[in-house]
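Undergrad: First the structure, then my questions, so here it is.
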Amino acid sequence: MAIAKINSCALSGLNGYIVNVEIDISSGLPGFDIVGLPDTAVRESKERIRAAIKNTGLTMPPKRITVNLAPADIKKEGAYFDLPIALGILLASEQLSFEGGEETVFMGELSLDGEIRNVNGVLPMVISAFQSGKRKVFLPKCNEDEASVVEGMDVYGAESLEEILNILTGQIEKKPKKADMEKLFSNKTVKDVDFADVKGQYQVKRAFEIAAAGNHNIILLDDLLHPEKSE
């Protein structure tokens, strides 16, 4: 058995950053550990990955598996790492081999039957991957339109782990997704009102912007706008 390394991405606020997924498979009592400050969703990926590999017709190694998500000092959240961890296990157990891994990024949540589900925040993650020198990204089929707007990045969307394996091993030939920029922006909605029309109220507008960016609720009280009324 050997060590495998797979590139993935994660979000820190509104910005993406590269995560190096390292997998070591060694002799000893069977076990599956994930380190690198994983949250609950990441830790629970062990069961999703185990079932997805089995239901794809491959073998989950009955060995001690250790997964490290680097950099280890940043908390990892979400299910982005299901796909890269699964591929890393297959690489380390010599059930998979492909070229070009250094410039390729993988992200996606796995279902128990190996289906690849969508992830949030794809665009900033793909942008950060491109800025880091990556040139290919494999992700869920439903996210490929969003990712394809990043010029210079070859985007491959797939619906299942099996499809990803077939693309990587050359069993099926698939062209990268190219965005039709005119079509994407031809249906843009024109609003009748705009924050630019609001004079002053800079703190209130900033509060709305932050709430919208984070999908938070907000309540606006007249006493806050006119504190002299409450005196």
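In the structure tokens, each chain is lettered A, B, ... as it comes, each chain's residues begin at 1, and ligands are numbered from 1 in order of appearance.
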If you run DSSP on the backbone here, which positions in stretch 84-128 of chain A get strand (DSSP E or B)? Please write them as a ChimeraX atom specification.
TA: /A:104-106,109-110,115-117
Undergrad: If we count only C-alpha atoms, what is near A:Glu144 at a cut-off of 8 Å, once residues fewer than 2 positions away on the same chain are taken out, given as a ChimeraX atom specification?
TA: /A:139-142,146-148,155-157,177
Undergrad: Hey, which bits of stretch 44-130 of chain A sit within 12 Å of stretch 3-24 of chain A, and for each residue what's the closest pair of atoms and how far apart in Å (one decimal), counting only C-alpha atoms, rows by chain and increasing number, as CSV?
TA:
residue,atom,partner,partner_atom,distance
A:Pro61,CA,A:Asp24,CA,11.3
A:Lys63,CA,A:Asp24,CA,9.9
A:Arg64,CA,A:Asp24,CA,8.1
A:Ile65,CA,A:Asp24,CA,5.8
A:Thr66,CA,A:Asp24,CA,5.2
A:Val67,CA,A:Ile23,CA,4.6
A:Asn68,CA,A:Glu22,CA,5.1
A:Leu69,CA,A:Val21,CA,4.9
A:Ala70,CA,A:Asn20,CA,5.1
A:Pro71,CA,A:Val19,CA,6.6
A:Ala72,CA,A:Val19,CA,9.2
A:Asp73,CA,A:Val19,CA,11.4
A:Ile74,CA,A:Ser12,CA,8.7
A:Lys75,CA,A:Ser12,CA,9.0
A:Lys76,CA,A:Ala10,CA,7.2
A:Glu77,CA,A:Ala10,CA,7.7
A:Gly78,CA,A:Ala10,CA,8.3
A:Ala79,CA,A:Ala10,CA,9.6
A:Tyr80,CA,A:Ala10,CA,7.1
A:Phe81,CA,A:Ser8,CA,6.9
A:Asp82,CA,A:Ser8,CA,10.0
A:Leu83,CA,A:Ser8,CA,9.0
A:Pro84,CA,A:Ile6,CA,6.0
A:Ile85,CA,A:Val21,CA,6.7
A:Ala86,CA,A:Ile23,CA,9.5
A:Leu87,CA,A:Ile6,CA,7.7
A:Gly88,CA,A:Ala4,CA,5.5
A:Ile89,CA,A:Ile23,CA,6.4
A:Leu90,CA,A:Ala4,CA,8.8
A:Leu91,CA,A:Ala4,CA,6.0
A:Ala92,CA,A:Ala4,CA,5.1
A:Ser93,CA,A:Ala4,CA,8.9
A:Glu94,CA,A:Ala4,CA,9.7
A:Gln95,CA,A:Ala4,CA,11.8
A:Leu96,CA,A:Ala4,CA,10.7
A:Ser97,CA,A:Ala4,CA,10.5
A:Phe98,CA,A:Ile6,CA,11.5
A:Glu99,CA,A:Ile6,CA,11.8
A:Gly100,CA,A:Ile6,CA,10.7
A:Gly101,CA,A:Ile6,CA,6.9
A:Glu102,CA,A:Asn7,CA,7.3
A:Glu103,CA,A:Asn7,CA,8.1
A:Thr104,CA,A:Asn7,CA,6.5
A:Val105,CA,A:Asn7,CA,4.8
A:Phe106,CA,A:Ser8,CA,5.0
A:Met107,CA,A:Ser8,CA,5.8
A:Gly108,CA,A:Ser8,CA,9.4
A:Val119,CA,A:Ala10,CA,10.4
A:Asn120,CA,A:Leu11,CA,9.3
A:Gly121,CA,A:Leu11,CA,7.2
A:Val122,CA,A:Gly16,CA,8.7
A:Leu123,CA,A:Gly16,CA,8.6
A:Pro124,CA,A:Gly16,CA,5.2
A:Met125,CA,A:Gly16,CA,4.2
A:Val126,CA,A:Gly16,CA,7.6
A:Ile127,CA,A:Gly16,CA,7.5
A:Ser128,CA,A:Gly16,CA,5.4
A:Ala129,CA,A:Ile18,CA,6.3
A:Phe130,CA,A:Ile18,CA,9.9
Undergrad: Please list as a PyMOL selection string every residue within 7 Å of stretch 178-180 of chain A, counting only C-alpha atoms and excluding residues in the same chain fewer than 3 positions away.
TA: chain A and resi 145+148-149+183-184
Undergrad: As an exercise, work out the distance from atom CA of A:Ile34 to atom CA of A:Asn143 in Å and give it to one decimal place.
TA: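 We find that atom CA of A:Ile34 and atom CA of A:Asn143 lie 26.0 Å from each other.
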Undergrad: Using DSSP assignments from the backbone, pull out every residue in stretch 67-221 of chain A that falls under helix (DSSP H, G or I) and give it to me as a ChimeraX atom specification.
TA: /A:82-92,101-103,122-131,141-147,161-168,181-186,195-197,202-213
Undergrad: Determine the nearest neighbour of A:Leu168 from the options A:Arg206, A:Lys136, A:Arg43, A:Arg48, counting only C-alpha atoms.
TA: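 For A:Leu168, the nearest of the candidates is A:Lys136.
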Undergrad: Would you mind listing what lies within 6 Å of A:Ala52 as an mmCIF file with N, CA and C atoms, in the first residue's frame, with only C-alpha atoms counted and same-chain residues fewer than 6 positions away left out?
TA:
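Output file selection_16.cif follows:
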data_model
loop_
_atom_site.group_PDB
_atom_site.id
_atom_site.type_symbol
_atom_site.label_atom_id
_atom_site.label_comp_id
_atom_site.auth_asym_id
_atom_site.auth_seq_id
_atom_site.Cartn_x
_atom_site.Cartn_y
_atom_site.Cartn_z
ATOM 1 N N LEU A 112 -24.921 7.055 -1.103
ATOM 2 C CA LEU A 112 -24.534 5.684 -0.774
ATOM 3 C C LEU A 112 -24.402 4.802 -2.017
ATOM 4 N N ASP A 113 -25.087 5.161 -3.103
ATOM 5 C CA ASP A 113 -24.997 4.355 -4.320
ATOM 6 C C ASP A 113 -23.961 4.887 -5.308
ATOM 7 N N GLY A 114 -23.175 5.896 -4.883
ATOM 8 C CA GLY A 114 -22.120 6.423 -5.731
ATOM 9 C C GLY A 114 -22.509 7.622 -6.564
#
